[in-house]
$ cat upload02.txt   # compact mmCIF, C-alpha atoms
# COMPACT_ATOMS: atom_id res chain seq x y z
CA MET A 1 137.79 94.33 54.70
CA HIS A 2 135.14 96.40 56.35
CA ALA A 3 133.20 98.85 54.33
CA GLN A 4 133.31 102.29 55.82
CA LEU A 5 130.19 103.30 57.59
CA VAL A 6 128.59 106.30 55.93
CA ILE A 7 125.31 107.63 57.12
CA ASP A 8 123.28 110.37 55.58
CA SER A 9 123.49 113.19 58.07
CA THR A 10 121.42 115.86 56.45
CA ASN A 11 119.07 115.94 59.40
CA SER A 12 119.75 117.88 62.51
CA ARG A 13 118.52 117.80 66.05
CA SER A 14 118.45 120.21 68.89
CA SER A 15 121.02 119.67 71.55
CA LEU A 16 120.39 117.43 74.51
CA PRO A 17 118.90 117.32 77.02
CA GLU A 18 116.32 120.00 76.16
CA LEU A 19 115.27 118.90 72.70
CA ALA A 20 111.96 120.71 72.66
CA PRO A 21 111.30 124.33 73.44
CA SER A 22 111.02 124.95 77.14
CA PRO A 23 107.39 125.01 78.10
CA VAL A 24 105.95 128.11 79.60
CA ALA A 25 105.79 127.68 83.34
CA ASP A 26 102.30 129.10 83.29
CA ASP A 27 101.20 126.36 80.95
CA ILE A 28 102.56 123.72 83.26
CA ALA A 29 100.81 125.25 86.24
CA ALA A 30 97.59 125.74 84.31
CA ALA A 31 97.65 122.21 82.93
CA ALA A 32 98.32 120.86 86.40
CA SER A 33 95.13 122.63 87.46
CA GLY A 34 93.15 120.97 84.70
CA ASP A 35 93.48 123.48 81.85
CA ARG A 36 93.29 121.36 78.72
CA ARG A 37 94.26 124.18 76.38
CA ALA A 38 97.45 124.73 78.30
CA TYR A 39 98.07 121.02 78.25
CA GLU A 40 97.55 120.93 74.51
CA ARG A 41 100.29 123.53 74.12
CA LEU A 42 102.61 121.36 76.18
CA TYR A 43 101.61 118.38 74.09
CA ARG A 44 102.32 120.19 70.81
CA ALA A 45 105.71 121.31 72.07
CA HIS A 46 106.83 117.84 73.08
CA VAL A 47 104.91 115.27 71.07
CA ASP A 48 107.57 114.78 68.43
CA ARG A 49 110.30 114.10 70.91
CA VAL A 50 108.14 111.70 72.87
CA PHE A 51 107.06 109.95 69.70
CA SER A 52 110.65 109.68 68.52
CA LEU A 53 111.64 108.04 71.76
CA CYS A 54 108.70 105.66 71.60
CA VAL A 55 109.24 104.61 68.01
CA ARG A 56 112.94 103.99 68.53
CA MET A 57 112.45 102.12 71.77
CA LEU A 58 109.57 100.03 70.48
CA GLY A 59 110.70 99.63 66.90
CA ASP A 60 107.23 100.11 65.47
CA ARG A 61 105.45 103.33 64.52
CA GLN A 62 101.91 102.13 65.17
CA THR A 63 102.76 100.87 68.62
CA ALA A 64 104.72 104.05 69.21
CA GLU A 65 101.68 106.19 68.43
CA GLU A 66 99.67 104.27 70.98
CA ALA A 67 102.47 104.60 73.50
CA THR A 68 102.71 108.33 72.82
CA GLN A 69 99.06 108.72 73.69
CA ASP A 70 99.62 106.70 76.84
CA VAL A 71 102.49 108.98 77.78
CA PHE A 72 100.43 112.13 77.54
CA VAL A 73 97.53 110.61 79.41
CA ARG A 74 99.93 109.46 82.10
CA VAL A 75 101.60 112.86 82.25
CA TRP A 76 98.18 114.51 82.61
CA GLU A 77 97.48 112.31 85.57
CA LYS A 78 100.86 112.93 87.14
CA LEU A 79 101.17 116.61 86.35
CA PRO A 80 99.67 117.82 89.64
CA GLY A 81 102.56 116.05 91.36
CA PHE A 82 105.24 117.64 89.19
CA ARG A 83 107.18 119.94 91.47
CA GLY A 84 109.60 121.41 89.01
CA GLU A 85 112.67 119.89 90.59
CA SER A 86 113.80 118.89 87.13
CA ALA A 87 113.07 120.45 83.78
CA PHE A 88 109.62 119.59 82.52
CA SER A 89 111.00 117.96 79.39
CA THR A 90 113.36 115.83 81.46
CA TRP A 91 110.53 114.73 83.69
CA LEU A 92 108.29 114.10 80.69
CA HIS A 93 111.03 112.08 79.09
CA ARG A 94 111.38 109.91 82.14
CA VAL A 95 107.65 109.29 82.25
CA ALA A 96 107.79 108.35 78.57
CA VAL A 97 110.57 105.85 79.19
CA ASN A 98 108.58 104.29 82.01
CA VAL A 99 105.49 104.03 79.84
CA VAL A 100 107.48 102.37 77.08
CA LEU A 101 109.09 99.95 79.49
CA SER A 102 105.73 99.05 81.00
CA ARG A 103 104.29 98.43 77.54
CA ARG A 104 106.91 95.84 76.75
CA LYS A 105 105.36 93.66 79.41
CA THR A 106 101.95 93.64 77.80
CA ALA A 107 100.75 90.81 75.68
CA SER A 108 100.10 93.06 72.73
CA VAL A 109 103.66 94.22 72.55
CA GLN A 110 104.95 90.73 73.07
CA ASN A 111 102.76 89.52 70.25
CA ALA A 112 103.85 92.32 68.00
CA ARG A 113 107.47 91.40 68.53
CA THR A 114 107.52 87.68 68.95
CA VAL A 115 111.10 87.24 67.91
CA ASP A 116 113.41 86.67 70.79
CA ASP A 117 116.75 88.31 71.14
CA GLN A 118 118.60 85.61 69.31
CA GLU A 119 116.28 85.71 66.33
CA ALA A 120 116.32 89.47 66.28
CA GLU A 121 120.07 89.45 66.40
CA LEU A 122 120.21 87.20 63.38
CA SER A 123 117.71 89.47 61.69
CA ALA A 124 119.87 92.49 62.28
CA VAL A 125 123.04 90.83 61.20
CA SER A 126 121.58 89.30 58.08
CA ARG A 127 119.67 92.40 57.02
CA PRO A 128 120.07 92.93 53.31
CA VAL A 129 121.54 96.10 52.00
CA LEU A 130 118.73 98.60 51.71
CA VAL A 131 120.37 101.00 49.32
CA ALA A 132 124.08 100.85 48.77
CA ASP A 133 124.68 104.55 49.17
CA ARG A 134 121.90 105.33 51.62
CA LEU A 135 122.17 103.45 54.86
CA ASP A 136 119.21 103.57 57.12
CA LEU A 137 120.19 103.88 60.73
CA GLU A 138 116.60 104.12 61.90
CA THR A 139 115.67 100.86 60.25
CA ALA A 140 118.76 99.20 61.61
CA ILE A 141 117.91 100.39 65.11
CA ALA A 142 114.42 98.96 64.74
CA GLY A 143 115.95 95.62 63.82
CA LEU A 144 118.03 95.37 66.95
CA PRO A 145 117.15 92.93 69.72
CA ALA A 146 114.89 94.65 72.20
CA GLY A 147 117.38 94.84 75.05
CA ALA A 148 120.18 96.19 72.92
CA ARG A 149 117.84 98.60 71.17
CA ARG A 150 116.58 100.11 74.41
CA VAL A 151 120.07 100.68 75.75
CA PHE A 152 121.34 102.08 72.46
CA VAL A 153 118.43 104.50 72.18
CA LEU A 154 118.69 105.63 75.77
CA HIS A 155 122.47 106.04 75.69
CA ASP A 156 123.51 107.03 72.20
CA VAL A 157 120.34 108.77 71.06
CA GLU A 158 118.89 110.17 74.26
CA GLY A 159 122.06 110.75 76.20
CA PHE A 160 121.39 108.84 79.40
CA THR A 161 124.33 107.53 81.39
CA HIS A 162 124.81 103.83 82.04
CA GLU A 163 123.91 104.39 85.66
CA GLU A 164 120.64 106.06 84.70
CA ILE A 165 119.86 103.35 82.19
CA GLY A 166 120.62 100.71 84.76
CA ASP A 167 118.12 102.30 87.12
CA GLN A 168 115.45 102.53 84.48
CA LEU A 169 115.86 99.08 83.01
CA GLY A 170 116.73 97.26 86.20
CA ILE A 171 120.15 96.19 85.01
CA THR A 172 123.67 96.93 86.16
CA PRO A 173 125.73 99.67 84.53
CA GLY A 174 128.02 96.91 83.31
CA GLY A 175 125.07 95.18 81.70
CA SER A 176 124.11 98.43 80.06
CA LYS A 177 127.62 98.81 78.67
CA ALA A 178 127.59 95.28 77.32
CA GLN A 179 124.22 95.81 75.63
CA LEU A 180 125.41 99.08 74.16
CA HIS A 181 128.52 97.50 72.71
CA ARG A 182 126.48 94.66 71.30
CA ALA A 183 124.03 97.10 69.76
CA ARG A 184 126.75 99.17 68.15
CA MET A 185 128.44 96.12 66.68
CA LEU A 186 125.14 94.81 65.33
CA LEU A 187 124.30 98.17 63.83
CA ARG A 188 127.68 98.42 62.26
CA ALA A 189 127.29 94.96 60.80
CA ALA A 190 123.89 95.82 59.42
CA LEU A 191 124.92 99.19 58.03
CA THR A 192 128.16 98.09 56.40
CA ARG A 193 126.75 95.02 54.74
CA MET B 1 149.50 91.87 81.45
CA THR B 2 151.18 93.44 78.49
CA SER B 3 153.81 90.83 77.84
CA ASP B 4 151.42 88.94 75.62
CA LEU B 5 150.71 92.04 73.60
CA THR B 6 154.05 92.35 71.89
CA SER B 7 154.58 92.57 68.21
CA THR B 8 155.36 88.86 68.10
CA THR B 9 151.67 88.08 68.59
CA PRO B 10 150.08 86.83 65.38
CA PHE B 11 148.23 89.63 63.62
CA ALA B 12 144.84 87.88 63.49
CA ALA B 13 145.08 87.15 67.18
CA ASP B 14 145.82 90.81 67.78
CA CYS B 15 142.62 91.75 66.01
CA ALA B 16 140.69 89.25 68.08
CA THR B 17 142.24 90.66 71.22
CA PHE B 18 141.42 94.16 70.05
CA GLU B 19 137.77 93.27 69.56
CA GLU B 20 137.59 91.47 72.88
CA ARG B 21 138.79 94.57 74.66
CA LEU B 22 136.98 97.03 72.49
CA MET B 23 134.05 97.63 74.81
CA ALA B 24 136.29 98.34 77.78
CA TYR B 25 138.52 100.46 75.57
CA ARG B 26 135.67 102.61 74.39
CA GLU B 27 134.37 102.91 77.91
CA ARG B 28 137.88 103.99 78.98
CA GLU B 29 138.11 101.17 81.47
CA LEU B 30 141.46 99.71 80.39
CA ASP B 31 144.66 100.33 82.25
CA ALA B 32 147.09 102.71 80.60
CA THR B 33 149.38 100.04 79.22
CA THR B 34 146.62 98.01 77.63
CA ALA B 35 145.01 101.14 76.27
CA ALA B 36 148.33 102.10 74.71
CA TRP B 37 148.49 98.69 73.03
CA MET B 38 145.00 99.23 71.68
CA VAL B 39 146.07 102.56 70.24
CA ARG B 40 149.15 101.04 68.64
CA HIS B 41 147.17 98.19 67.14
CA GLN B 42 144.52 100.49 65.85
CA GLN B 43 147.12 102.62 64.16
CA ALA B 44 148.79 99.58 62.60
CA CYS B 45 145.69 97.64 61.58
CA ARG B 46 143.46 99.01 58.87
CA VAL B 47 140.62 96.65 59.73
CA CYS B 48 140.50 97.65 63.36
CA GLU B 49 141.03 101.30 62.50
CA THR B 50 137.98 101.09 60.22
CA LEU B 51 136.02 99.39 62.97
CA MET B 52 136.81 102.21 65.36
CA ARG B 53 135.92 104.87 62.83
CA ASP B 54 132.66 103.12 62.01
CA LEU B 55 131.68 102.99 65.65
CA ASP B 56 132.65 106.62 66.12
CA ALA B 57 130.52 107.57 63.15
CA LEU B 58 127.64 105.51 64.45
CA VAL B 59 127.73 107.21 67.84
CA GLU B 60 128.00 110.60 66.22
CA GLN B 61 125.06 109.99 63.92
CA ALA B 62 122.88 108.49 66.64
CA ALA B 63 123.34 111.62 68.71
CA VAL B 64 121.95 113.81 65.96
CA LEU B 65 119.07 111.68 64.77
CA PRO B 66 116.15 113.94 63.98
CA THR B 67 112.89 113.87 65.85
CA MET B 68 110.01 112.13 64.14
CA SER B 69 106.34 113.01 63.97
CA PRO B 70 103.36 110.70 64.32
CA SER B 71 101.50 109.91 61.13
CA ARG B 72 98.49 111.83 62.39
CA ASP B 73 97.48 114.29 65.07
CA LEU B 74 97.21 112.26 68.26
CA TRP B 75 95.82 115.11 70.35
CA PRO B 76 92.11 114.36 69.73
CA ASP B 77 92.64 110.81 70.97
CA VAL B 78 94.61 112.01 73.95
CA LEU B 79 91.95 114.60 74.74
CA SER B 80 89.16 112.04 74.54
CA ARG B 81 90.98 109.96 77.08
CA LEU B 82 91.45 112.94 79.36
CA ASP B 83 87.72 113.52 79.14
CA ALA B 84 86.70 109.91 79.58
CA PRO B 85 84.03 109.68 82.26
CA VAL B 86 84.51 107.62 85.33
CA VAL B 87 82.87 104.23 85.04
CA PRO B 88 80.34 103.88 87.83
CA LEU B 89 81.26 101.20 90.28
CA SER B 90 78.98 99.42 92.62
CA THR B 91 78.90 101.08 96.01
CA ARG B 92 77.99 97.78 97.58
CA PHE B 93 81.20 96.14 96.53
CA THR B 94 83.76 95.96 99.27
CA PRO B 95 86.61 93.57 98.39
CA ALA B 96 88.13 95.77 95.73
CA ALA B 97 88.03 98.82 97.96
CA SER B 98 90.97 97.48 99.85
CA LEU B 99 92.81 96.81 96.61
CA THR B 100 92.60 100.25 95.11
CA THR B 101 96.09 101.31 94.14
CA ALA B 102 95.96 104.42 92.04
CA THR B 103 92.71 106.26 92.36
CA GLY B 104 93.73 109.02 94.65
CA SER B 105 94.40 111.74 92.13
CA ARG B 106 92.40 114.92 92.13
CA ARG B 107 90.72 113.78 88.95
CA GLY B 108 89.22 110.77 90.69
CA VAL B 109 89.69 107.40 89.12
CA SER B 110 92.76 107.29 86.94
CA ILE B 111 91.99 107.78 83.28
CA ARG B 112 93.89 105.07 81.61
CA MET B 113 94.08 103.46 78.29
CA PHE B 114 91.21 101.12 78.99
CA ALA B 115 88.82 103.64 80.39
CA VAL B 116 87.12 104.29 77.10
CA ALA B 117 86.91 100.62 76.29
CA ALA B 118 85.45 99.84 79.68
CA THR B 119 82.93 102.64 79.33
CA MET B 120 81.90 101.38 75.92
CA LEU B 121 81.44 97.93 77.31
CA VAL B 122 79.14 99.27 79.96
CA ALA B 123 77.12 101.05 77.31
CA VAL B 124 76.94 98.00 75.08
CA SER B 125 75.94 95.69 77.87
CA SER B 126 73.34 98.21 79.00
CA ALA B 127 71.80 98.07 75.57
CA VAL B 128 71.82 94.29 75.59
CA THR B 129 70.23 94.26 78.98
CA TRP B 130 67.62 96.73 77.90
CA GLN B 131 66.69 94.52 74.99
CA VAL B 132 66.45 91.49 77.21
CA ALA B 133 64.25 93.36 79.59
CA ARG B 134 62.10 94.87 76.83
CA SER B 135 61.55 91.51 75.27
CA ARG B 136 59.77 90.54 78.44
CA GLY B 137 57.86 93.75 78.81
CA ALA B 138 60.04 95.06 81.52
CA ALA B 139 60.48 98.70 82.32
CA ALA B 140 63.19 100.67 80.60
CA ALA B 141 66.63 99.81 81.72
CA ASP B 142 68.39 101.76 84.41
CA SER B 143 71.34 104.04 83.80
CA THR B 144 74.04 101.55 84.54
CA ALA B 145 74.68 98.09 83.27
CA SER B 146 74.84 96.80 86.78
CA ALA B 147 71.47 98.17 87.68
CA ASN B 148 70.09 96.88 84.41
CA LEU B 149 71.43 93.45 84.98
CA LEU B 150 69.86 93.29 88.37
CA ALA B 151 66.64 94.74 87.00
CA ALA B 152 66.70 92.27 84.16
CA ARG B 153 67.00 89.37 86.52
CA ALA B 154 64.22 90.72 88.72
CA ASP B 155 61.93 91.73 85.90
CA VAL B 156 62.23 88.59 83.89
CA ARG B 157 61.59 86.41 86.88
CA PRO B 158 58.02 85.29 86.36
CA ASP B 159 55.68 83.91 88.88
CA THR B 160 55.53 80.56 87.16
CA ARG B 161 58.23 78.31 88.45
CA SER B 162 58.53 76.50 85.15
CA LEU B 163 59.88 79.56 83.37
CA GLN B 164 62.13 80.78 86.13
CA PRO B 165 65.28 78.82 85.21
CA VAL B 166 65.06 80.15 81.68
CA ALA B 167 64.77 83.73 82.91
CA ASN B 168 67.69 83.30 85.25
CA ALA B 169 69.68 81.79 82.44
CA ASP B 170 69.01 84.83 80.25
CA ALA B 171 70.24 87.20 82.93
CA ASP B 172 73.28 85.02 83.50
CA VAL B 173 74.06 85.17 79.81
CA VAL B 174 74.05 88.95 79.96
CA TYR B 175 76.36 88.89 82.95
CA GLU B 176 78.65 86.41 81.29
CA GLN B 177 78.81 88.45 78.11
CA GLU B 178 80.02 91.47 79.98
CA ILE B 179 82.41 89.45 82.10
CA ALA B 180 83.83 87.83 79.00
CA ALA B 181 84.29 91.19 77.33
CA LEU B 182 86.03 92.62 80.39
CA ARG B 183 88.22 89.57 80.82
CA THR B 184 90.50 90.53 77.94
CA ILE B 185 91.05 93.99 79.37
CA VAL B 186 91.63 92.60 82.85
CA ASN B 187 94.19 90.13 81.55
CA GLU B 188 96.04 92.94 79.82
CA ARG B 189 96.02 95.00 82.99
CA PHE B 190 97.33 92.03 84.94
CA ALA B 191 100.29 91.95 82.59
CA GLU B 192 101.14 95.52 83.56
CA LEU B 193 100.43 95.54 87.27
CA ASP B 194 102.93 94.41 89.85
CA SER B 195 102.79 90.77 90.80
CA THR B 196 101.70 91.38 94.39
CA THR B 197 98.68 93.38 93.33
CA VAL B 198 97.82 90.83 90.67
CA ALA B 199 98.04 88.01 93.21
CA VAL B 200 95.63 89.80 95.53
CA LEU B 201 93.25 90.59 92.69
CA ARG B 202 93.32 87.03 91.41
CA ASN B 203 92.64 85.75 94.90
CA ASN B 204 89.63 88.03 95.23
CA LEU B 205 88.33 86.98 91.85
CA ALA B 206 88.74 83.35 92.88
CA ILE B 207 86.74 84.00 96.05
CA ILE B 208 83.99 85.63 94.04
CA ASP B 209 84.04 82.84 91.46
CA LYS B 210 83.61 80.31 94.24
CA ALA B 211 80.65 82.29 95.58
CA ILE B 212 79.14 82.30 92.08
CA ALA B 213 79.66 78.58 91.70
CA ASP B 214 78.20 77.86 95.13
CA SER B 215 75.18 80.03 94.42
CA ARG B 216 74.57 78.37 91.09
CA ALA B 217 74.89 74.93 92.59
CA ALA B 218 72.41 75.85 95.29
CA LEU B 219 70.03 77.37 92.76
CA GLU B 220 70.03 74.17 90.76
CA LYS B 221 68.69 72.40 93.80
CA ASP B 222 66.23 75.16 94.67
CA PRO B 223 65.51 77.23 91.52
CA GLY B 224 62.72 79.21 93.17
CA SER B 225 64.76 80.61 96.04
CA ARG B 226 64.86 84.38 95.95
CA ALA B 227 67.62 84.42 98.54
CA LEU B 228 69.85 82.24 96.43
CA SER B 229 69.03 84.21 93.31
CA SER B 230 69.94 87.42 95.09
CA SER B 231 73.11 85.85 96.33
CA LEU B 232 74.08 84.93 92.79
CA ASP B 233 73.22 88.44 91.63
CA ARG B 234 75.46 89.96 94.23
CA ALA B 235 78.33 87.64 93.41
CA LEU B 236 78.09 88.38 89.70
CA GLU B 237 77.77 92.09 90.39
CA ASN B 238 80.81 91.97 92.64
CA LYS B 239 82.80 90.24 89.95
CA LEU B 240 81.81 92.82 87.38
CA ALA B 241 82.66 95.66 89.73
CA LEU B 242 86.07 94.21 90.51
CA MET B 243 86.83 93.62 86.84
CA ARG B 244 85.81 97.17 85.96
CA ARG B 245 87.97 98.51 88.74
CA VAL B 246 90.94 96.45 87.55
CA SER B 247 90.43 97.69 84.02
CA LEU B 248 90.83 101.23 85.31
CA LEU B 249 93.93 100.64 87.41

$ encode --input "upload02.txt" --output "structure tokens"
Amino acid sequence: MHAQLVIDSTNSRSSLPELAPSPVADDIAAAASGDRRAYERLYRAHVDRVFSLCVRMLGDRQTAEEATQDVFVRVWEKLPGFRGESAFSTWLHRVAVNVVLSRRKTASVQNARTVDDQEAELSAVSRPVLVADRLDLETAIAGLPAGARRVFVLHDVEGFTHEEIGDQLGITPGGSKAQLHRARMLLRAALTR
Amino acid sequence: MTSDLTSTTPFAADCATFEERLMAYRERELDATTAAWMVRHQQACRVCETLMRDLDALVEQAAVLPTMSPSRDLWPDVLSRLDAPVVPLSTRFTPAASLTTATGSRRGVSIRMFAVAATMLVAVSSAVTWQVARSRGAAAADSTASANLLAARADVRPDTRSLQPVANADADVVYEQEIAALRTIVNERFAELDSTTVAVLRNNLAIIDKAIADSRAALEKDPGSRALSSSLDRALENKLALMRRVSLL
């Protein structure tokens, strides 16, 4: 008999895809011209969303803070090339995903998460009950194998399609679907234990 | 396809079949008949019904996860990296010029995560060089580590042949210290760069390393040769310049 999955849902989130307030176009233009004050306003408006993406994708807050800094440095460098063909937050989000995906290749990230997918899977499945009446989805997400975690975050949390995820991660849409299903089943196992 | 999905199928096997087809079912990729069987089984099986409801709840909750905030204000760190000065590179160095991949922005050399570290290394090695030079009564060090290293080698080279190998060794130690410090950063950058670029960079480093080894071998046979000493200087300087450039890619 499966226990019913109950998750505390007292928190709320803005609707996708524009999770943060739309930046003022003047700030974008000014920042692109080198105005650091304007860029700081853009940073303040978007840092939480970028950090949230980083921490969920990487599974570690410290690493996520470093990645968040990398994202905003990278965005600063790329901003002069931003042509406004997509919403700024969408573009920023894509840069953030790329930064996170590039970090996974570094030795530091590999050292920080030395468990391979199989070990991580066992970890997620065998996770002890945290609190019987307060299931922690965030912690369960962090315990997922890296591949499944990235797809779950991008699809179920961030709202990307399988085709978009496939492009970003270099996998097929079918592979993305398989990873998503695996992630959901692992999360369910962890949260209903 | 549906003949094996009749009610005569053992119940446990039905659940296994349900789970096998669950991903395709949720992705709406099943044909109508199979999907209808899934619906019927779900309605008849409490276990599988619970599974579906759990997954639905999971998807629903994931979509409304709240944003999170860093534990501290990251802006000062970001700002410091935006303001990081460009590390001076040797103008004499040519191999890396053809390898530059991302320095064309209007802000000059890309300000990346290792810029500050590389700059600090330059400062530290400058100080070390200055101390080496001062210990031998040399003039104050120049503004860059590279210049200092060259100055150190020149200034510490005495007229007496007997002391010359020791002086050269001191300068080499300074070079090696900076190279060793940069090596970690370079290795990390190699892990992030594309394989083609890394292959070219490694090849250039290997060429420079061979030049260093050849110069050192020649200097062992003729320690007093200014030409060989200069050749070694240039090779070491080229290696440092390439490593600094890689650290900024």

$ atom_distance --input "upload02.txt" --atom1 "CA of Ala183 (chain A)" --atom2 "CA of Val55 (chain A)"
16.7 Å

$ interface_residues --input "upload02.txt" --of "chain B" --to "chain A" --cutoff "6 Å" --atoms "only C-alpha atoms" --output "list in words"
Met23, Asp54, Ala62, Ala63, Val64, Pro66, Thr67, Met68, Ser69, Val78 and Ala191 of chain B

$ atom_distance --input "upload02.txt" --atom1 "CA of Leu236 (chain B)" --atom2 "CA of Val200 (chain B)"
18.5 Å

$ atom_distance --input "upload02.txt" --atom1 "CA of Asp233 (chain B)" --atom2 "CA of Ala218 (chain B)"
13.1 Å

$ axis_aligned_box --input "upload02.txt" --around "region 49-68 of chain A" --padding-each-side "8 Å" --output "JSON"
{"center_x": 106.3, "center_y": 106.9, "center_z": 69.0, "size_x": 29.3, "size_y": 30.5, "size_z": 25.0}

$ residues_around --input "upload02.txt" --residues "Leu30 (chain B)" --least-positions-apart "3" --cutoff "12 Å" --atoms "all atoms listed in the file" --output "list in words"
Met1, Thr2, Phe18, Glu20, Arg21, Leu22, Met23, Ala24, Tyr25, Arg26, Glu27, Thr33, Thr34, Ala35, Ala36, Trp37, Met38 and Val39 of chain B

$ closest_residue --input "upload02.txt" --among "A:Leu186, A:Leu79, A:Ala142, A:Val151" --to "Pro173 (chain A)" --atoms "all atoms listed in the file"
A:Val151

$ closest_residue --input "upload02.txt" --among "A:Val100, A:Ile171, A:Leu154, A:Ile28" --to "Ala45 (chain A)" --atoms "only C-alpha atoms"
A:Ile28
